[in-house]
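Novice: Sharing a structure here in structure tokens format.
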Amino acid sequence: MKNFKPTSDRIAAKALLTPEQKEANKLARKEANKQIKELARIEAEKNQPEVKEMTITIEWCKSKIWGANPHAHAEIHYKDNKAGAYGTGFYRPDTDYTCSGCGYDKESTVIAQIFNEFMKGKLWSMGIENLKGGNGSGDKGNAPYGIHLSSDNRPYFGDAIGTSCYYRIAEFLGGKFEHIANGKTFDVYKYTRE
């Protein structure tokens with residue numbers, strides 16, 4: 001209780017701060033909160049439940065400006081039957097993973113969005129040293145093209161790399177990636193891990 005100051009003392013101390021000190025305190029609090037959120041996000045990625053099977057359905061929707069744009073949906077089956085929605089081991093997010101534009105591989109971009117949401121825990125569990133080599137920068141390592149490390153060594157799946165890269169990525173993760181169905185306006189991919 002030594003450090004406790006009555007409310008009026010705290011108010012008086014705040015009043016003594018210059019505008020520069022107040023702004024510096026405000027920026028320090030903002031930065032601390034940002035770091036706390038980022039650490040929580042990383043911890044959530046590291047603790048993701050392991051995916052047993054993931055089905056990605058892509059519908060191609062016409063755009064007057066950009067041609068065909070992918071709209072993907074995912075169905076996730078977890079290894080742990082208690083994970084997922086209502087402890088069923090199954091999860092189907094309401095998210096519509098999509099992108100538009102031209103000049104890049106849009107299909108692999110939506111696949112990367114889904115992999116980044118559900119498979120980053122697997123990357124973290126493999127260790128940073130095992131993930132080197134995947135970003136095409138020439139660093140030594142066994143990771144296939146498409147597995148990236150940010151400048152501060154946070155792993156992620158690259159987008160616009162070409163869907164064919166996900167076959168090697170899946171093998172590297174200990175799974176299998178298959179193109180199981182297609183039509184004029186849809187494609188279905190499946191990732192499985194035993």
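As shown in the structure tokens, the chain order sets the letters A, B, ...; within each chain, residues go from 1, and ligands are also counted from 1 in the order they appear.
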Run DSSP on the backbone and give me the residues of chain A it puts in helix (DSSP H, G or I), as an NGL selection string.
Specialist: :A and (7-15 or 19-46 or 85-87 or 106-118 or 120-126 or 129-131 or 165-172)
Novice: Could you list, as a list in words, every residue within 7 Å of A:Thr185, counting only C-alpha atoms and ignoring same-chain residues fewer than 2 positions away?
Specialist: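 In the requested form, the answer reads Glu59, Trp60 and Gly183 of chain A.
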Novice: Given only C-alpha atoms, how would the per-residue table for stretch 30-70 of chain A near stretch 100-123 of chain A read, listing every residue at most 6 Å away with its closest atom pair and distance in Å to one decimal, sorted by chain and number, as a Markdown table?
Specialist:
```
| residue | atom | partner | partner_atom | distance |
| --- | --- | --- | --- | --- |
| A:Glu45 | CA | A:Gly121 | CA | 5.1 |
| A:Lys46 | CA | A:Gly121 | CA | 4.5 |
| A:Gln48 | CA | A:Gly121 | CA | 5.2 |
| A:Trp66 | CA | A:Gly101 | CA | 5.4 |
| A:Asn69 | CA | A:Ser100 | CA | 5.5 |
```
Novice: Suppose we keep N, CA, C and O atoms; can you now write the selection as a PDB file, in the first residue's frame?
Specialist:
```pdb
ATOM      1  N   GLU A  45      -2.191 -18.802 -33.165  1.00  0.00           N
ATOM      2  CA  GLU A  45      -1.710 -19.567 -34.326  1.00  0.00           C
ATOM      3  C   GLU A  45      -0.956 -20.816 -33.872  1.00  0.00           C
ATOM      4  O   GLU A  45      -1.144 -21.897 -34.416  1.00  0.00           O
ATOM      5  N   LYS A  46      -0.097 -20.660 -32.892  1.00  0.00           N
ATOM      6  CA  LYS A  46       0.710 -21.787 -32.409  1.00  0.00           C
ATOM      7  C   LYS A  46      -0.155 -22.881 -31.789  1.00  0.00           C
ATOM      8  O   LYS A  46       0.219 -24.052 -31.804  1.00  0.00           O
ATOM      9  N   GLN A  48      -3.307 -23.705 -32.692  1.00  0.00           N
ATOM     10  CA  GLN A  48      -4.408 -24.157 -33.543  1.00  0.00           C
ATOM     11  C   GLN A  48      -4.547 -25.677 -33.446  1.00  0.00           C
ATOM     12  O   GLN A  48      -3.547 -26.396 -33.409  1.00  0.00           O
ATOM     13  N   TRP A  66     -12.946  -7.808 -63.924  1.00  0.00           N
ATOM     14  CA  TRP A  66     -11.800  -8.688 -63.693  1.00  0.00           C
ATOM     15  C   TRP A  66     -11.960 -10.094 -64.248  1.00  0.00           C
ATOM     16  O   TRP A  66     -11.122 -10.953 -63.972  1.00  0.00           O
ATOM     17  N   ASN A  69     -13.609 -14.396 -60.840  1.00  0.00           N
ATOM     18  CA  ASN A  69     -13.023 -14.239 -59.510  1.00  0.00           C
ATOM     19  C   ASN A  69     -13.395 -15.443 -58.648  1.00  0.00           C
ATOM     20  O   ASN A  69     -14.548 -15.875 -58.652  1.00  0.00           O
TER      21      ASN A  69
END
```
Novice: Each residue of stretch 24-53 of chain A lying at most 10 Å from stretch 157-181 of chain A should get a row with its shortest atom-to-atom pair and the distance in Å to one decimal, counting only C-alpha atoms; could you produce that, ordered by chain and increasing number, as CSV?
Specialist:
```
residue,atom,partner,partner_atom,distance
A:Val51,CA,A:Gly175,CA,9.9
A:Lys52,CA,A:Gly175,CA,8.8
A:Glu53,CA,A:Gly175,CA,9.1
```
Novice: Write out as a VMD selection string all residues of stretch 84-188 of chain A that DSSP puts in strand (DSSP E or B) for this structure's backbone.
Specialist: chain A and resid 90 to 91 97 to 98 147 to 149 155 to 157 176 to 182 186 to 188
